[in-house]
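One file, run.txt, carrying compact mmCIF, C-alpha atoms:
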```txt
# COMPACT_ATOMS: atom_id res chain seq x y z
CA MET A 746 -28.18 86.11 24.72
CA LYS A 747 -31.56 85.52 23.17
CA GLY A 748 -31.93 84.07 19.71
CA THR A 749 -32.48 86.27 16.69
CA ASP A 750 -34.68 86.26 13.67
CA PRO A 751 -32.41 85.94 10.65
CA VAL A 752 -31.26 89.09 8.89
CA VAL A 753 -31.35 88.19 5.24
CA PRO A 754 -30.36 89.89 1.98
CA SER A 755 -33.16 91.89 0.43
CA LYS A 756 -35.02 90.80 -2.65
CA LYS A 757 -33.28 93.09 -5.10
CA ARG A 758 -35.20 95.78 -6.91
CA SER A 759 -33.99 97.82 -9.85
CA ARG A 760 -32.16 100.88 -8.61
CA THR A 761 -33.15 104.25 -9.98
CA GLN A 762 -30.72 106.90 -11.05
CA THR A 763 -29.91 109.82 -8.72
CA ARG A 764 -32.14 112.76 -9.48
CA ALA A 765 -31.03 116.39 -9.74
CA GLN A 766 -31.84 118.97 -7.06
CA ARG A 767 -35.15 120.73 -7.58
CA PRO A 768 -36.34 124.19 -6.51
CA LEU A 769 -38.57 124.70 -3.46
CA GLY A 770 -42.10 123.57 -4.22
CA ALA A 771 -41.03 120.73 -6.49
CA TYR A 772 -39.61 118.36 -3.88
CA ARG A 773 -42.78 116.59 -2.85
CA GLY A 774 -43.59 115.66 -6.43
CA ALA A 775 -40.15 114.29 -7.24
CA ALA A 776 -40.65 110.69 -6.19
CA SER A 777 -44.40 110.76 -5.70
CA ALA A 778 -45.12 108.56 -8.71
CA ALA A 779 -43.04 105.81 -7.14
CA LEU A 780 -44.55 106.33 -3.71
CA ALA A 781 -48.18 106.78 -4.70
CA GLY A 782 -49.16 103.11 -4.60
CA LEU A 783 -47.10 102.40 -1.51
CA LEU A 784 -48.41 105.30 0.53
CA LEU A 785 -51.95 104.06 0.16
CA ALA A 786 -50.89 101.34 2.57
CA VAL A 787 -48.64 103.43 4.83
CA THR A 788 -49.87 105.40 7.84
CA ALA A 789 -48.06 107.28 10.58
CA CYS A 790 -48.47 104.16 12.72
CA GLY A 791 -47.26 101.59 10.18
CA SER A 792 -47.98 100.05 6.85
CA ASP A 793 -48.43 96.94 4.79
CA ASN A 794 -45.93 95.97 2.13
CA ALA A 795 -45.74 97.30 -1.40
CA VAL A 796 -48.87 97.51 -3.47
CA PRO A 797 -48.66 95.23 -6.53
CA GLY A 798 -47.74 97.18 -9.64
CA SER A 799 -46.16 100.10 -7.79
CA GLU A 800 -42.81 101.34 -9.09
CA ALA A 801 -39.79 99.98 -7.22
CA LEU A 802 -38.01 102.43 -4.93
CA PRO A 803 -34.21 102.67 -4.75
CA VAL A 804 -32.57 100.55 -2.04
CA PRO A 805 -28.94 99.65 -1.33
CA ASP A 806 -27.58 96.50 -2.96
CA ASP A 807 -26.65 95.19 0.49
CA LEU A 808 -29.97 96.02 2.17
CA GLU A 809 -30.70 93.83 5.19
CA CYS A 810 -34.27 92.78 6.00
CA PHE A 811 -35.76 91.38 9.17
CA SER A 812 -38.82 89.31 10.03
CA GLY A 813 -41.08 90.96 12.58
CA SER A 814 -41.86 94.50 13.68
CA LEU A 815 -40.03 97.61 14.85
CA SER A 816 -41.71 100.55 16.59
CA GLY A 817 -40.81 104.21 16.92
CA ALA A 818 -42.50 107.46 17.92
CA GLY A 819 -41.75 111.15 18.13
CA SER A 820 -40.90 114.06 15.86
CA SER A 821 -43.68 115.34 13.62
CA ALA A 822 -40.96 117.06 11.58
CA GLN A 823 -39.89 113.55 10.58
CA GLU A 824 -43.45 112.49 9.75
CA ASN A 825 -43.12 112.79 5.96
CA ALA A 826 -39.57 111.48 5.97
CA MET A 827 -40.43 108.47 8.12
CA THR A 828 -43.44 107.62 5.97
CA THR A 829 -41.13 107.65 2.93
CA TRP A 830 -38.44 105.56 4.63
CA ILE A 831 -41.00 103.01 5.78
CA ALA A 832 -42.45 102.77 2.27
CA GLY A 833 -39.01 102.35 0.74
CA TYR A 834 -37.89 99.72 3.25
CA GLN A 835 -41.09 97.69 3.18
CA SER A 836 -41.24 97.78 -0.60
CA ALA A 837 -38.08 95.66 -0.59
CA CYS A 838 -38.45 93.70 2.64
CA GLU A 839 -41.26 91.18 2.77
CA GLY A 840 -42.21 90.37 6.34
CA SER A 841 -40.80 93.58 7.81
CA ARG A 842 -43.13 95.98 9.62
CA VAL A 843 -42.01 99.39 10.82
CA TYR A 844 -44.42 101.53 12.85
CA TYR A 845 -43.97 105.22 13.63
CA ASP A 846 -46.32 107.50 15.58
CA SER A 847 -45.62 111.22 14.96
CA ILE A 848 -46.70 112.43 18.41
CA GLY A 849 -44.01 115.11 18.75
CA SER A 850 -40.42 114.94 19.93
CA GLY A 851 -41.22 115.25 23.63
CA GLY A 852 -43.75 112.43 23.45
CA GLY A 853 -41.31 110.26 21.53
CA ARG A 854 -38.54 110.77 24.08
CA SER A 855 -40.98 109.93 26.91
CA GLN A 856 -42.18 106.75 25.20
CA PHE A 857 -38.60 105.68 24.54
CA ILE A 858 -37.60 106.28 28.17
CA ASP A 859 -40.65 104.27 29.28
CA GLY A 860 -39.69 101.39 26.97
CA ALA A 861 -42.87 101.69 24.92
CA VAL A 862 -41.01 102.01 21.59
CA ASP A 863 -37.74 100.72 20.19
CA PHE A 864 -36.47 104.10 18.98
CA ALA A 865 -37.45 107.75 19.20
CA GLY A 866 -37.48 110.41 16.51
CA THR A 867 -36.52 113.69 18.14
CA ASP A 868 -35.62 117.18 16.91
CA ALA A 869 -33.69 117.83 20.12
CA ALA A 870 -31.00 115.42 21.26
CA PHE A 871 -31.47 113.75 24.64
CA THR A 872 -30.10 115.92 27.44
CA PRO A 873 -27.72 114.35 29.97
CA GLU A 874 -30.68 114.17 32.39
CA GLU A 875 -32.86 112.39 29.83
CA ASN A 876 -29.99 110.05 29.03
CA ALA A 877 -29.81 109.14 32.72
CA ASP A 878 -33.58 108.53 32.79
CA ALA A 879 -33.29 106.23 29.76
CA MET A 880 -30.46 104.10 31.13
CA GLU A 881 -32.81 101.68 32.89
CA ARG A 882 -34.63 100.80 29.66
CA CYS A 883 -31.27 100.66 27.89
CA ASN A 884 -29.89 98.13 30.39
CA GLY A 885 -27.41 100.59 31.85
CA SER A 886 -26.13 101.81 28.49
CA ASN A 887 -26.31 105.31 27.04
CA THR A 888 -28.74 106.72 24.51
CA LEU A 889 -27.18 107.38 21.11
CA ASN A 890 -28.46 110.42 19.18
CA LEU A 891 -28.04 109.77 15.44
CA PRO A 892 -28.62 112.81 13.18
CA ALA A 893 -30.38 111.15 10.25
CA TYR A 894 -32.68 113.95 9.04
CA VAL A 895 -31.37 117.45 8.30
CA VAL A 896 -33.88 120.01 7.09
CA ALA A 897 -34.43 123.74 7.15
CA ILE A 898 -37.20 125.34 9.21
CA ALA A 899 -39.31 127.72 7.16
CA VAL A 900 -40.98 130.85 8.47
CA VAL A 901 -44.27 130.81 6.52
CA PHE A 902 -46.90 133.51 6.23
CA ASN A 903 -50.21 134.29 4.56
CA LEU A 904 -50.63 137.76 3.03
CA GLU A 905 -52.66 138.28 -0.12
CA GLY A 906 -50.47 139.64 -2.89
CA VAL A 907 -47.20 139.13 -0.98
CA ASP A 908 -45.25 136.07 -2.07
CA SER A 909 -42.01 136.61 -0.14
CA LEU A 910 -40.61 138.78 2.62
CA ASN A 911 -37.18 139.69 3.94
CA LEU A 912 -37.00 139.62 7.75
CA ARG A 913 -34.05 140.25 10.04
CA PRO A 914 -33.63 137.92 13.04
CA ASP A 915 -34.60 140.73 15.45
CA THR A 916 -37.78 141.36 13.45
CA ILE A 917 -38.74 137.66 13.49
CA ALA A 918 -38.14 137.57 17.24
CA LYS A 919 -40.28 140.66 17.88
CA ILE A 920 -43.12 139.27 15.74
CA PHE A 921 -43.22 135.99 17.65
CA ASN A 922 -42.75 137.79 20.97
CA GLN A 923 -45.85 139.83 20.03
CA GLU A 924 -44.03 143.20 20.07
CA ILE A 925 -44.47 143.86 16.35
CA THR A 926 -48.19 143.40 15.84
CA ARG A 927 -49.10 144.83 12.41
CA TRP A 928 -47.85 143.91 8.96
CA ASN A 929 -47.10 147.50 7.91
CA ASP A 930 -44.81 148.05 10.90
CA PRO A 931 -41.85 150.28 9.90
CA GLU A 932 -39.33 147.57 10.83
CA ILE A 933 -40.90 145.13 8.36
CA ALA A 934 -41.32 147.84 5.71
CA GLU A 935 -37.66 148.85 5.95
CA SER A 936 -36.52 145.42 4.76
CA ASN A 937 -39.27 145.18 2.12
CA PRO A 938 -39.48 148.56 0.34
CA ASP A 939 -41.25 147.11 -2.72
CA ALA A 940 -43.88 145.07 -0.84
CA ASP A 941 -47.46 146.26 -0.53
CA LEU A 942 -47.81 145.61 3.21
CA PRO A 943 -51.38 145.84 4.55
CA ASP A 944 -52.44 147.57 7.75
CA MET A 945 -53.49 144.24 9.22
CA PRO A 946 -52.90 142.49 12.55
CA ILE A 947 -50.19 139.83 12.63
CA THR A 948 -51.29 136.46 14.01
CA PRO A 949 -48.23 134.46 15.09
CA VAL A 950 -48.94 130.73 15.26
CA ASN A 951 -46.82 128.49 17.48
CA ARG A 952 -46.83 124.81 18.43
CA ALA A 953 -49.22 123.69 21.16
CA ASP A 954 -47.25 120.51 21.94
CA ASP A 955 -43.77 119.82 23.26
CA SER A 956 -41.85 120.20 20.03
CA GLY A 957 -38.29 119.78 18.85
CA THR A 958 -39.10 122.16 15.99
CA THR A 959 -40.02 124.78 18.60
CA GLU A 960 -36.83 124.08 20.55
CA ASN A 961 -34.72 124.58 17.42
CA PHE A 962 -36.69 127.68 16.42
CA THR A 963 -36.40 129.31 19.86
CA ARG A 964 -32.71 128.39 20.03
CA TYR A 965 -32.23 130.22 16.73
CA LEU A 966 -34.07 133.27 18.08
CA ALA A 967 -32.04 133.23 21.31
CA GLU A 968 -28.70 133.01 19.47
CA ALA A 969 -29.42 135.15 16.40
CA ALA A 970 -31.52 137.84 18.15
CA PRO A 971 -30.57 137.81 21.85
CA ASP A 972 -31.63 141.42 22.45
CA ALA A 973 -35.11 140.85 20.98
CA TRP A 974 -35.82 137.34 22.31
CA PRO A 975 -35.57 137.25 26.13
CA HIS A 976 -36.66 133.61 26.53
CA GLU A 977 -34.61 130.45 27.02
CA PRO A 978 -34.74 127.85 24.22
CA ASP A 979 -37.40 125.26 24.98
CA GLY A 980 -39.67 122.74 23.34
CA MET A 981 -42.71 124.40 24.91
CA TRP A 982 -43.73 127.85 23.69
CA PRO A 983 -42.68 130.39 26.36
CA ILE A 984 -45.50 132.96 26.20
CA THR A 985 -49.30 132.94 26.00
CA PRO A 986 -49.99 132.34 22.30
CA ARG A 987 -52.18 134.33 19.94
CA GLU A 988 -52.82 131.07 18.07
CA SER A 989 -51.40 127.56 18.47
CA ALA A 990 -51.64 124.24 16.68
CA GLN A 991 -50.58 120.62 17.08
CA GLY A 992 -47.64 119.42 15.01
CA ASN A 993 -45.99 120.89 11.93
CA SER A 994 -49.03 120.03 9.83
CA GLY A 995 -51.27 121.85 12.31
CA ILE A 996 -49.27 125.08 12.01
CA ALA A 997 -49.16 124.76 8.22
CA ASP A 998 -52.94 124.29 8.03
CA THR A 999 -53.61 127.18 10.40
CA VAL A 1000 -51.36 129.63 8.54
CA ASP A 1001 -52.72 128.51 5.19
CA ARG A 1002 -56.32 129.22 6.30
CA ALA A 1003 -55.82 132.54 8.10
CA GLU A 1004 -54.75 135.68 6.25
CA GLY A 1005 -52.31 137.67 8.34
CA ALA A 1006 -50.90 134.56 10.05
CA ILE A 1007 -47.23 133.65 10.36
CA GLY A 1008 -45.70 130.44 11.70
CA TYR A 1009 -42.70 128.09 11.54
CA VAL A 1010 -42.66 124.61 10.00
CA GLU A 1011 -40.20 121.98 8.86
CA MET A 1012 -39.56 122.41 5.13
CA SER A 1013 -41.59 119.46 3.84
CA HIS A 1014 -44.76 121.10 5.21
CA VAL A 1015 -44.30 124.31 3.19
CA HIS A 1016 -46.04 123.15 -0.01
CA ASP A 1017 -47.13 126.36 -1.83
CA MET A 1018 -47.04 128.74 1.14
CA SER A 1019 -45.06 131.97 1.12
CA THR A 1020 -41.72 131.87 2.94
CA VAL A 1021 -39.39 134.38 4.60
CA ALA A 1022 -35.83 135.08 3.45
CA VAL A 1023 -33.86 135.27 6.68
CA GLY A 1024 -31.34 138.00 7.41
CA VAL A 1025 -27.79 136.66 7.65
CA GLY A 1026 -25.15 139.35 8.09
CA GLU A 1027 -25.82 141.97 5.43
CA GLU A 1028 -27.88 139.74 3.12
CA PHE A 1029 -31.17 137.83 3.09
CA VAL A 1030 -30.99 134.11 2.39
CA GLU A 1031 -33.85 132.09 0.91
CA ILE A 1032 -34.62 128.68 2.35
CA SER A 1033 -32.99 125.78 0.48
CA PRO A 1034 -31.32 122.44 1.26
CA GLU A 1035 -28.01 123.76 -0.03
CA ALA A 1036 -28.05 126.84 2.23
CA ALA A 1037 -29.00 124.70 5.23
CA ALA A 1038 -26.19 122.24 4.47
CA GLN A 1039 -23.56 124.95 4.98
CA VAL A 1040 -24.56 125.31 8.64
CA VAL A 1041 -24.49 121.58 9.36
CA ALA A 1042 -21.36 120.54 7.48
CA ASP A 1043 -18.80 121.89 9.95
CA SER A 1044 -20.82 121.60 13.16
CA PRO A 1045 -18.86 119.98 16.01
CA ARG A 1046 -20.27 117.33 18.29
CA ARG A 1047 -21.98 118.52 21.44
CA GLU A 1048 -19.51 118.64 24.35
CA GLU A 1049 -21.75 116.82 26.83
CA ASN A 1050 -22.23 113.71 24.66
CA ALA A 1051 -21.96 110.64 26.90
CA SER A 1052 -20.50 108.23 24.34
CA GLU A 1053 -18.09 108.30 21.42
CA TYR A 1054 -20.95 106.91 19.32
CA ASP A 1055 -23.36 109.70 20.33
CA LEU A 1056 -23.42 112.13 17.40
CA ALA A 1057 -25.53 115.01 18.79
CA LEU A 1058 -24.30 118.23 17.15
CA ALA A 1059 -23.73 121.79 18.37
CA LEU A 1060 -25.17 124.04 15.65
CA ASP A 1061 -24.23 127.69 15.11
CA TYR A 1062 -27.67 129.28 14.75
CA GLY A 1063 -26.15 132.75 14.92
CA THR A 1064 -23.85 132.31 11.91
CA THR A 1065 -23.28 135.29 9.61
CA GLU A 1066 -21.54 133.18 6.94
CA PRO A 1067 -22.72 134.35 3.48
CA GLY A 1068 -25.12 131.96 1.79
CA SER A 1069 -25.94 130.06 4.99
CA TYR A 1070 -29.52 129.50 6.10
CA PRO A 1071 -29.18 129.20 9.89
CA LEU A 1072 -32.73 128.15 10.73
CA VAL A 1073 -31.90 124.46 10.59
CA LEU A 1074 -33.43 121.44 12.24
CA VAL A 1075 -31.28 118.37 12.82
CA SER A 1076 -33.59 115.52 13.75
CA TYR A 1077 -32.23 112.44 15.47
CA GLU A 1078 -33.05 108.77 15.72
CA ALA A 1079 -32.45 108.02 19.41
CA VAL A 1080 -31.54 104.42 20.21
CA CYS A 1081 -30.02 102.38 23.01
CA ALA A 1082 -26.31 101.62 22.84
CA GLU A 1083 -27.38 98.17 24.05
CA TYR A 1084 -30.76 96.44 23.96
CA ASP A 1085 -31.75 93.42 26.05
CA ASP A 1086 -33.08 91.53 23.04
CA ALA A 1087 -30.91 90.60 20.06
CA ARG A 1088 -33.91 90.63 17.73
CA THR A 1089 -34.58 94.29 18.56
CA THR A 1090 -30.91 95.12 18.09
CA GLU A 1091 -30.83 93.61 14.62
CA ARG A 1092 -34.10 95.27 13.56
CA VAL A 1093 -32.95 98.70 14.73
CA LYS A 1094 -29.61 98.32 12.95
CA ALA A 1095 -31.11 97.01 9.70
CA PHE A 1096 -33.69 99.80 9.39
CA LEU A 1097 -31.31 102.61 10.38
CA ARG A 1098 -28.67 101.43 7.92
CA TYR A 1099 -31.28 101.97 5.21
CA VAL A 1100 -32.29 105.36 6.66
CA VAL A 1101 -28.73 106.74 6.47
CA SER A 1102 -27.87 105.05 3.15
CA PRO A 1103 -27.40 107.26 0.06
CA GLU A 1104 -30.59 105.73 -1.39
CA GLY A 1105 -32.66 106.41 1.73
CA GLN A 1106 -31.34 109.94 2.12
CA GLU A 1107 -31.84 110.85 -1.54
CA LEU A 1108 -35.39 109.49 -1.66
CA VAL A 1109 -36.40 111.50 1.40
CA SER A 1110 -34.65 114.61 0.06
CA GLU A 1111 -36.76 114.42 -3.08
CA GLU A 1112 -39.95 114.09 -1.06
CA THR A 1113 -39.26 116.66 1.67
CA GLY A 1114 -36.52 119.04 0.53
CA SER A 1115 -34.20 117.76 3.26
CA THR A 1116 -30.42 117.88 3.03
CA PRO A 1117 -28.83 114.42 2.62
CA VAL A 1118 -26.11 113.81 5.19
CA ASN A 1119 -22.63 114.25 3.73
CA GLU A 1120 -20.22 111.34 3.35
CA SER A 1121 -18.20 112.22 6.45
CA LEU A 1122 -21.27 112.25 8.69
CA ARG A 1123 -22.65 109.12 7.00
CA GLU A 1124 -19.45 107.23 7.87
CA GLN A 1125 -19.82 108.27 11.50
CA LEU A 1126 -23.49 107.24 11.50
CA VAL A 1127 -22.70 103.80 10.09
CA GLU A 1128 -19.97 103.35 12.68
CA SER A 1129 -22.40 104.24 15.48
CA ILE A 1130 -25.14 101.94 14.11
CA ASP A 1131 -22.65 99.09 13.82
CA ALA A 1132 -21.72 99.62 17.47
CA ILE A 1133 -25.28 99.04 18.77
CA GLY A 1134 -25.21 95.82 20.73
CA THR A 1135 -27.11 93.44 22.98
CA THR A 1136 -26.61 93.03 26.73
CA ASP A 1137 -25.07 89.64 27.51
```
Go ahead and express the file in the form of structure tokens.
Amino acid sequence: MKGTDPVVPSKKRSRTQTRAQRPLGAYRGAASAALAGLLLAVTACGSDNAVPGSEALPVPDDLECFSGSLSGAGSSAQENAMTTWIAGYQSACEGSRVYYDSIGSGGGRSQFIDGAVDFAGTDAAFTPEENADAMERCNGSNTLNLPAYVVAIAVVFNLEGVDSLNLRPDTIAKIFNQEITRWNDPEIAESNPDADLPDMPITPVNRADDSGTTENFTRYLAEAAPDAWPHEPDGMWPITPRESAQGNSGIADTVDRAEGAIGYVEMSHVHDMSTVAVGVGEEFVEISPEAAAQVVADSPRREENASEYDLALALDYGTTEPGSYPLVLVSYEAVCAEYDDARTTERVKAFLRYVVSPEGQELVSEETGSTPVNESLREQLVESIDAIGTTD
């Protein structure tokens, strides 16, 4: 076994009190004062340590720090969350460097399999085939999928004078399958009798890259609207697009600039855009962390998981449970069950323990509108992180 850099107790910072939940639109400003100085030094590919004079961010009392660097890549849905986690961790850990490149879930999984990064952020858990491909870089061990970021996917649109819309799953599917093509279509009007819907073309905007957000979105369409969505769930968009964009931020920017556009983005990219209330049973449910949490709380583990420490979940996207918002993205940190270098093992474990801590989850929730993992899932995550080892 190779030697390790020491994992040492953090230099303690004052802990802040837990903040109350805030309505959609207020999340990104919740902890921004504390993050403002830090984020000047943080990029998607890494950061320096805290800027002098910046407000301390909450960290666990037992936070572990490492000396050296840790690299990850993948999910753009995690981009804002990962930037926040990196800022929080590096504000307390002198000498620690965490780098994350938000190239999309498919790119992150590929880089992890190739051994180019230490962990992958992915909105779709590794398939059994991908797990087999990754076993060489994991020294014969399995990939562990750790659900550390739970957030709703918003359907966003741009129509002058229309701030919100009710849409049934079948209607959403037909819009993105390019069957409903105008905003005053009778099917849209039926669910929105008080809206002034224009006679204007609909421009659906989808992801151009291999995307876990797309895979979750198409899985929702396939399960909630099987008669209207004839395509298999996939990270690549299944039909020739009207308009496409790279990453969640690309879709958000495109929809925000083009009247008549509609797209799908992870919740932290919504900002001030108009959102759809999704049909669930006989009601329409607005996007919120609380409504998304209902879907995740009782989700069982995926049957094909290769290890007891693999926590990939099987979500019920077609739920009709009142108050549930079924368009949910569970984003994973994918790691090796065993690394060949003890230093990498300790760095992965130290950073991920912060990511799943109450302090890390709450800070990111305030910045992105994500749903903090509940205590039961947190206990399982800590158990899985503790089990990560080093090949003898």
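With only C-alpha atoms as the atoms that count, the residue of A:Ala899, A:Asp944, A:Val907, A:Ile1007 with the shortest distance to A:Ile920 is A:Ile1007.
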Stretch 1045-1058 of chain A environment, 10 Å, only C-alpha atoms, sequence neighbours closer than 5 positions dropped, as a PyMOL selection string: chain A and resi 869-873+876-877+886-892+1075-1077+1079-1080+1082+1122+1125-1133
Separation of atom CA of A:Phe1029 from atom CA of A:Tyr1070, in Å and rounded to one decimal: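 Straight-line distance from atom CA of A:Phe1029 to atom CA of A:Tyr1070 works out to 9.0 Å.
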Non-local contacts of A:Ala1022 (6 Å; all atoms listed in the file; under 5 positions in same chain excluded) as a PDB file with C-alpha atoms, keeping the file's coordinate frame:
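Dumped everything to result13.pdb:
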```
ATOM      1  CA  ASN A 911     -37.180 139.690   3.940  1.00  0.00           C
ATOM      2  CA  PHE A1029     -31.170 137.830   3.090  1.00  0.00           C
ATOM      3  CA  VAL A1030     -30.990 134.110   2.390  1.00  0.00           C
ATOM      4  CA  GLU A1031     -33.850 132.090   0.910  1.00  0.00           C
TER       5      GLU A1031
END
```
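Using all atoms listed in the file, the nearest neighbour of A:Gly813 within the list A:Ala1036, A:Ala826, A:Cys838, A:Ile858 is A:Cys838.
In terms of minimum interatomic distance to A:Gln856, A:Ala818 ranks closest within A:Ala832, A:Ile925, A:Met880, A:Ala818, counting only C-alpha atoms.
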Residue nearest A:Leu912 among A:Pro805, A:Gly957, A:Gly866, A:Gly1026 (counting all atoms listed in the file): A:Gly1026
Two-atom distance - atom CA of A:Arg1123, atom CA of A:Val1100 (Å):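 Value for the atom CA of A:Arg1123-atom CA of A:Val1100 distance: 10.4 Å.
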Nearest-residue call for A:Ser909, choices A:Ile1032, A:Val1073, A:Ala837, A:Cys883, using only C-alpha atoms: A:Ile1032
Length of the atom CA of A:Asn903 to atom CA of A:Ser936 vector [Å]: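 Computing the Euclidean distance for atom CA of A:Asn903 and atom CA of A:Ser936 yields 17.6 Å.
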Can you complete the atoms of stretch 944-959 of chain A to N, CA and C atoms and list them as a PDB file, keeping the file's coordinate frame?
```pdb
ATOM      1  N   ASP A 944     -52.245 147.163   6.358  1.00  0.00           N
ATOM      2  CA  ASP A 944     -52.440 147.570   7.750  1.00  0.00           C
ATOM      3  C   ASP A 944     -53.356 146.531   8.398  1.00  0.00           C
ATOM      4  N   MET A 945     -52.744 145.411   8.761  1.00  0.00           N
ATOM      5  CA  MET A 945     -53.490 144.240   9.220  1.00  0.00           C
ATOM      6  C   MET A 945     -52.780 143.645  10.433  1.00  0.00           C
ATOM      7  N   PRO A 946     -53.543 143.132  11.400  1.00  0.00           N
ATOM      8  CA  PRO A 946     -52.900 142.490  12.550  1.00  0.00           C
ATOM      9  C   PRO A 946     -52.099 141.257  12.132  1.00  0.00           C
ATOM     10  N   ILE A 947     -50.984 141.039  12.812  1.00  0.00           N
ATOM     11  CA  ILE A 947     -50.190 139.830  12.630  1.00  0.00           C
ATOM     12  C   ILE A 947     -50.679 138.778  13.625  1.00  0.00           C
ATOM     13  N   THR A 948     -50.908 137.574  13.136  1.00  0.00           N
ATOM     14  CA  THR A 948     -51.290 136.460  14.010  1.00  0.00           C
ATOM     15  C   THR A 948     -50.172 135.428  14.015  1.00  0.00           C
ATOM     16  N   PRO A 949     -49.262 135.492  15.013  1.00  0.00           N
ATOM     17  CA  PRO A 949     -48.230 134.460  15.090  1.00  0.00           C
ATOM     18  C   PRO A 949     -48.825 133.139  15.574  1.00  0.00           C
ATOM     19  N   VAL A 950     -48.432 132.063  14.928  1.00  0.00           N
ATOM     20  CA  VAL A 950     -48.940 130.730  15.260  1.00  0.00           C
ATOM     21  C   VAL A 950     -47.763 129.880  15.749  1.00  0.00           C
ATOM     22  N   ASN A 951     -47.887 129.329  16.935  1.00  0.00           N
ATOM     23  CA  ASN A 951     -46.820 128.490  17.480  1.00  0.00           C
ATOM     24  C   ASN A 951     -47.351 127.096  17.798  1.00  0.00           C
ATOM     25  N   ARG A 952     -46.449 126.175  18.100  1.00  0.00           N
ATOM     26  CA  ARG A 952     -46.830 124.810  18.430  1.00  0.00           C
ATOM     27  C   ARG A 952     -47.499 124.747  19.789  1.00  0.00           C
ATOM     28  N   ALA A 953     -48.529 123.902  19.897  1.00  0.00           N
ATOM     29  CA  ALA A 953     -49.220 123.690  21.160  1.00  0.00           C
ATOM     30  C   ALA A 953     -48.591 122.559  21.958  1.00  0.00           C
ATOM     31  N   ASP A 954     -47.828 121.686  21.286  1.00  0.00           N
ATOM     32  CA  ASP A 954     -47.250 120.510  21.940  1.00  0.00           C
ATOM     33  C   ASP A 954     -45.776 120.722  22.215  1.00  0.00           C
ATOM     34  N   ASP A 955     -45.200 119.808  22.983  1.00  0.00           N
ATOM     35  CA  ASP A 955     -43.770 119.820  23.260  1.00  0.00           C
ATOM     36  C   ASP A 955     -43.054 119.428  21.977  1.00  0.00           C
ATOM     37  N   SER A 956     -42.288 120.340  21.417  1.00  0.00           N
ATOM     38  CA  SER A 956     -41.850 120.200  20.030  1.00  0.00           C
ATOM     39  C   SER A 956     -40.366 120.467  19.876  1.00  0.00           C
ATOM     40  N   GLY A 957     -39.682 119.549  19.193  1.00  0.00           N
ATOM     41  CA  GLY A 957     -38.290 119.780  18.850  1.00  0.00           C
ATOM     42  C   GLY A 957     -38.144 120.894  17.822  1.00  0.00           C
ATOM     43  N   THR A 958     -39.137 121.047  16.939  1.00  0.00           N
ATOM     44  CA  THR A 958     -39.100 122.160  15.990  1.00  0.00           C
ATOM     45  C   THR A 958     -39.119 123.480  16.746  1.00  0.00           C
ATOM     46  N   THR A 959     -39.972 123.575  17.769  1.00  0.00           N
ATOM     47  CA  THR A 959     -40.020 124.780  18.600  1.00  0.00           C
ATOM     48  C   THR A 959     -38.697 125.001  19.317  1.00  0.00           C
TER      49      THR A 959
END
```
